[in-house]
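Right, one structure below, let's go through it.
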Amino acid sequence: VVLGMGGASWALLVNTLSFVAVLVALSRVQAPARAAAKASSGLWKEIAHGFEVARKDSEISLMMWSTLLVALLVAPFIGLVPVFAIREFGQGAAATSLLVTCQGAGAVTAALVVGTLVDSLGQRKLLGYLALAIGGVSALYWLSPTLPVAAVLMFVLGANYMMLMSGTHTYCQSRVPRELQARTSSIYSMVLGGGYAAGVWGLGALADRVGLRFVTVSASVLFLALVLTLRLLRPRSFEGAEG
């Protein structure tokens with residue numbers, strides 16, 4: 001609504017002010033006292049140790065590679081929303097706002113139901129289903145013939161993306177001891193953030209040359225093909241084992 005009525009500047013200002021609530025909440029958190037930490041072996045050695053742990057654990061390694069592929073091939077749907085609205089539907093702020101709102105609504109809805117899904121399916125099995133689904137959902141979104149259809153599919157895509165990314169992060173955290181959780185989280189954030197930046201740049205550059213829909217649909221189908229190939233080669237990765 002703010003983007004449609006006041007433009008990008010006001011939308012960015014409201015978004016910035018919204019973080020005040022987060023800062024206030026953090027300032028009121030009182031962490032329990034912890035035992036004195038062991039002497040640090042040095043930042044770079046600790047980072048290297050984190051990478052080594054992630055490499056040696058086959059499940060964490062699989063999750064990190066999966067996150068990188070999602071970030072490169074699927075996640076750019078977030079940054080390319082305005083391009084999609086302008087180029088494919090001939091609209092600007094209003095269409096962009098609608099799609100972004102639908103993505104957020106999907107993410108909020110997913111946050112409310114993901115606990116129930118984990119209880120019924122198990123975390124690992126749910127992640128397998130989400131990984132299988134997101135490539136197809138993303139392709140259908142980019143193929144949307146009208147804005148209303150795109151809005152509905154964006155809702156589904158936003159929910160799928162939120163559950164997959166947050167679930168992957170949580171799963172990686174659950175496989176390491178507490179002293180390595182922060183290091184694992186930082187590696188995950190680096191993979192997701194770096195992959196997303198590269199994906200938006202790469203798909204955007206290709207879209208300028210060969211067309212937005214062709215590039216984004218191809219990327220989505222490629223991701224789906226990779227997941228299906230993994231399912232054929234490593235079926236146990238989708239069986240829901242939690243260990």
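Here's how to read the names in the structure tokens: chain A, B, ... by the order shown, residue numbers from 1 in each chain, ligand numbers from 1 in the order shown.
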**Request:** Just the residues within 7 Å of Leu153 in chain A, please, counting only C-alpha atoms, with nothing from its chain fewer than 4 positions along; format it as a VMD selection string.
**Result:** chain A and resid 141 149 157
How close does each residue of range 21-124 of chain A get to range 170-188 of chain A, giving the shortest atom pair and distance in Å to one decimal for every residue with an atom at most 8 Å away, counting only C-alpha atoms, sorted by chain and residue number, as JSON lines?
{"residue": "A:Glu46", "atom": "CA", "partner": "A:Arg183", "partner_atom": "CA", "distance": 7.9}
{"residue": "A:Ile47", "atom": "CA", "partner": "A:Arg183", "partner_atom": "CA", "distance": 6.9}
{"residue": "A:Gly50", "atom": "CA", "partner": "A:Arg183", "partner_atom": "CA", "distance": 5.7}
{"residue": "A:Phe51", "atom": "CA", "partner": "A:Ile187", "partner_atom": "CA", "distance": 7.5}
{"residue": "A:Ala54", "atom": "CA", "partner": "A:Thr184", "partner_atom": "CA", "distance": 7.3}
{"residue": "A:Glu59", "atom": "CA", "partner": "A:Cys172", "partner_atom": "CA", "distance": 7.9}
{"residue": "A:Ile60", "atom": "CA", "partner": "A:Cys172", "partner_atom": "CA", "distance": 5.5}
{"residue": "A:Met63", "atom": "CA", "partner": "A:Cys172", "partner_atom": "CA", "distance": 7.2}
{"residue": "A:Met64", "atom": "CA", "partner": "A:Tyr188", "partner_atom": "CA", "distance": 6.6}
{"residue": "A:Thr67", "atom": "CA", "partner": "A:Tyr188", "partner_atom": "CA", "distance": 7.9}
{"residue": "A:Gln123", "atom": "CA", "partner": "A:Tyr171", "partner_atom": "CA", "distance": 7.6}
{"residue": "A:Arg124", "atom": "CA", "partner": "A:Tyr171", "partner_atom": "CA", "distance": 7.8}
Let's have the selection written as a short mmCIF file (atom, residue, chain, number, x, y, z; two decimals), in the first residue's frame, with N, CA and C atoms.
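Writing the result to again11.cif gives the following:
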data_model
loop_
_atom_site.label_atom_id
_atom_site.label_comp_id
_atom_site.auth_asym_id
_atom_site.auth_seq_id
_atom_site.Cartn_x
_atom_site.Cartn_y
_atom_site.Cartn_z
N GLU A 46 38.85 -20.84 13.41
CA GLU A 46 37.49 -21.22 13.76
C GLU A 46 36.59 -21.29 12.53
N ILE A 47 36.78 -20.35 11.60
CA ILE A 47 36.02 -20.38 10.35
C ILE A 47 36.36 -21.65 9.57
N GLY A 50 34.71 -24.58 11.08
CA GLY A 50 33.29 -24.64 10.74
C GLY A 50 33.07 -25.23 9.36
N PHE A 51 33.87 -24.81 8.39
CA PHE A 51 33.77 -25.37 7.04
C PHE A 51 34.09 -26.86 7.03
N ALA A 54 31.14 -28.78 8.35
CA ALA A 54 30.08 -28.82 7.34
C ALA A 54 30.42 -29.76 6.20
N GLU A 59 25.02 -34.76 5.62
CA GLU A 59 23.71 -34.12 5.63
C GLU A 59 23.82 -32.60 5.56
N ILE A 60 24.74 -32.04 6.36
CA ILE A 60 24.95 -30.59 6.32
C ILE A 60 25.48 -30.17 4.96
N MET A 63 22.68 -30.07 2.53
CA MET A 63 21.81 -28.91 2.77
C MET A 63 22.46 -27.62 2.26
N MET A 64 23.76 -27.48 2.45
CA MET A 64 24.45 -26.28 1.99
C MET A 64 24.44 -26.19 0.47
N THR A 67 20.98 -25.31 -0.61
CA THR A 67 20.71 -23.89 -0.37
C THR A 67 21.35 -23.03 -1.45
N GLN A 123 10.88 -33.51 10.02
CA GLN A 123 11.57 -32.37 9.41
C GLN A 123 12.28 -32.74 8.12
N ARG A 124 13.00 -33.86 8.12
CA ARG A 124 13.80 -34.23 6.95
C ARG A 124 12.91 -34.58 5.75
#
Please identify every residue of range 65-126 of chain A that has at least one atom no farther than 10 Å from an atom of range 2-16 of chain A, counting only C-alpha atoms, and for each give the shortest atom pair and the distance in Å to one decimal, arranged by chain then increasing number, as a Markdown table.
| residue | atom | partner | partner_atom | distance |
| --- | --- | --- | --- | --- |
| A:Gly92 | CA | A:Gly4 | CA | 8.7 |
| A:Ala93 | CA | A:Gly4 | CA | 5.3 |
| A:Ala94 | CA | A:Gly4 | CA | 5.1 |
| A:Ala95 | CA | A:Gly4 | CA | 8.7 |
| A:Thr96 | CA | A:Leu3 | CA | 8.5 |
| A:Ser97 | CA | A:Leu3 | CA | 6.4 |
| A:Leu98 | CA | A:Gly4 | CA | 9.3 |
Export, as a CSV table (one decimal), in the first residue's frame, the selected residues with all heavy atoms.
chain,number,residue,atom,x,y,z
A,92,GLY,N,3.3,-1.2,-12.8
A,92,GLY,CA,4.5,-0.7,-12.0
A,92,GLY,C,4.3,-1.0,-10.6
A,92,GLY,O,4.2,-2.2,-10.1
A,93,ALA,N,4.2,0.1,-9.8
A,93,ALA,CA,4.2,0.0,-8.3
A,93,ALA,C,3.0,-0.9,-7.8
A,93,ALA,O,3.2,-1.7,-6.9
A,93,ALA,CB,4.1,1.4,-7.7
A,94,ALA,N,1.8,-0.7,-8.4
A,94,ALA,CA,0.7,-1.4,-7.8
A,94,ALA,C,0.8,-3.0,-8.0
A,94,ALA,O,0.6,-3.7,-7.0
A,94,ALA,CB,-0.6,-1.0,-8.6
A,95,ALA,N,1.3,-3.4,-9.2
A,95,ALA,CA,1.5,-4.8,-9.4
A,95,ALA,C,2.6,-5.4,-8.5
A,95,ALA,O,2.6,-6.5,-8.0
A,95,ALA,CB,1.8,-5.1,-10.9
A,96,THR,N,3.7,-4.6,-8.4
A,96,THR,CA,4.8,-5.0,-7.6
A,96,THR,C,4.4,-5.1,-6.2
A,96,THR,O,4.7,-6.1,-5.5
A,96,THR,CB,6.0,-3.9,-7.7
A,96,THR,OG1,6.4,-3.8,-9.1
A,96,THR,CG2,7.1,-4.3,-6.8
A,97,SER,N,3.6,-4.2,-5.7
A,97,SER,CA,3.1,-4.2,-4.3
A,97,SER,C,2.3,-5.5,-4.1
A,97,SER,O,2.4,-6.1,-3.0
A,97,SER,CB,2.3,-3.0,-4.0
A,97,SER,OG,3.1,-1.8,-4.1
A,98,LEU,N,1.4,-5.8,-5.0
A,98,LEU,CA,0.5,-6.9,-4.9
A,98,LEU,C,1.4,-8.2,-4.8
A,98,LEU,O,1.1,-9.1,-3.9
A,98,LEU,CB,-0.4,-7.0,-6.1
A,98,LEU,CG,-1.3,-8.3,-6.1
A,98,LEU,CD1,-2.2,-8.4,-5.0
A,98,LEU,CD2,-2.1,-8.3,-7.5
Would you write out, as CSV, a table of all residues in range 80-122 of chain A that have an atom no more than 9 Å from an atom of range 204-222 of chain A, listing for each the closest atom pair and the distance in Å to one decimal, considering only C-alpha atoms and ordering rows by chain and rising residue number?
residue,atom,partner,partner_atom,distance
A:Leu80,CA,A:Gly204,CA,7.5
A:Val83,CA,A:Leu212,CA,8.3
A:Phe84,CA,A:Leu212,CA,7.6
A:Arg87,CA,A:Leu212,CA,8.3
A:Glu88,CA,A:Leu212,CA,8.5
Once you have the residues from the selection above, write them out as an mmCIF file, in the first residue's frame, restricted to all heavy atoms.
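Below you can see part.cif, which holds the result:
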data_model
loop_
_atom_site.group_PDB
_atom_site.id
_atom_site.type_symbol
_atom_site.label_atom_id
_atom_site.label_comp_id
_atom_site.auth_asym_id
_atom_site.auth_seq_id
_atom_site.Cartn_x
_atom_site.Cartn_y
_atom_site.Cartn_z
ATOM 1 N N LEU A 80 13.449 -9.947 -8.612
ATOM 2 C CA LEU A 80 12.970 -9.690 -9.970
ATOM 3 C C LEU A 80 11.469 -9.395 -10.031
ATOM 4 O O LEU A 80 10.914 -9.301 -11.132
ATOM 5 C CB LEU A 80 13.300 -10.886 -10.876
ATOM 6 C CG LEU A 80 14.793 -11.158 -11.095
ATOM 7 C CD1 LEU A 80 14.996 -12.417 -11.927
ATOM 8 C CD2 LEU A 80 15.463 -9.969 -11.782
ATOM 9 N N VAL A 83 10.661 -6.252 -12.135
ATOM 10 C CA VAL A 83 10.912 -6.503 -13.552
ATOM 11 C C VAL A 83 9.760 -7.309 -14.149
ATOM 12 O O VAL A 83 9.282 -7.023 -15.250
ATOM 13 C CB VAL A 83 12.248 -7.260 -13.736
ATOM 14 C CG1 VAL A 83 12.534 -7.484 -15.214
ATOM 15 C CG2 VAL A 83 13.387 -6.480 -13.082
ATOM 16 N N PHE A 84 9.308 -8.313 -13.410
ATOM 17 C CA PHE A 84 8.201 -9.143 -13.865
ATOM 18 C C PHE A 84 6.930 -8.305 -14.030
ATOM 19 O O PHE A 84 6.225 -8.411 -15.040
ATOM 20 C CB PHE A 84 7.973 -10.262 -12.857
ATOM 21 C CG PHE A 84 7.099 -11.381 -13.355
ATOM 22 C CD1 PHE A 84 7.163 -11.821 -14.665
ATOM 23 C CD2 PHE A 84 6.218 -12.015 -12.495
ATOM 24 C CE1 PHE A 84 6.371 -12.868 -15.113
ATOM 25 C CE2 PHE A 84 5.413 -13.057 -12.930
ATOM 26 C CZ PHE A 84 5.488 -13.489 -14.243
ATOM 27 N N ARG A 87 7.643 -5.646 -17.099
ATOM 28 C CA ARG A 87 7.867 -6.177 -18.444
ATOM 29 C C ARG A 87 6.755 -7.102 -18.931
ATOM 30 O O ARG A 87 6.383 -7.070 -20.104
ATOM 31 C CB ARG A 87 9.196 -6.923 -18.500
ATOM 32 C CG ARG A 87 10.413 -6.016 -18.388
ATOM 33 C CD ARG A 87 11.671 -6.810 -18.697
ATOM 34 N NE ARG A 87 12.871 -5.982 -18.572
ATOM 35 C CZ ARG A 87 14.105 -6.438 -18.784
ATOM 36 N NH1 ARG A 87 14.291 -7.711 -19.127
ATOM 37 N NH2 ARG A 87 15.144 -5.642 -18.651
ATOM 38 N N GLU A 88 6.253 -7.935 -18.038
ATOM 39 C CA GLU A 88 5.306 -8.949 -18.478
ATOM 40 C C GLU A 88 3.851 -8.517 -18.344
ATOM 41 O O GLU A 88 3.004 -8.964 -19.107
ATOM 42 C CB GLU A 88 5.536 -10.255 -17.694
ATOM 43 C CG GLU A 88 6.946 -10.804 -17.814
ATOM 44 C CD GLU A 88 7.341 -11.103 -19.252
ATOM 45 O OE1 GLU A 88 6.451 -11.438 -20.065
ATOM 46 O OE2 GLU A 88 8.544 -10.994 -19.571
#
**Request:** Name all residues at most 12 Å from Leu228 in chain A (count only C-alpha atoms; drop same-chain ones fewer than 2 positions away) and give them as an MDAnalysis selection string.
**Result:** chainID A and resid 128:129 131:136 221:226 230:235 237:238
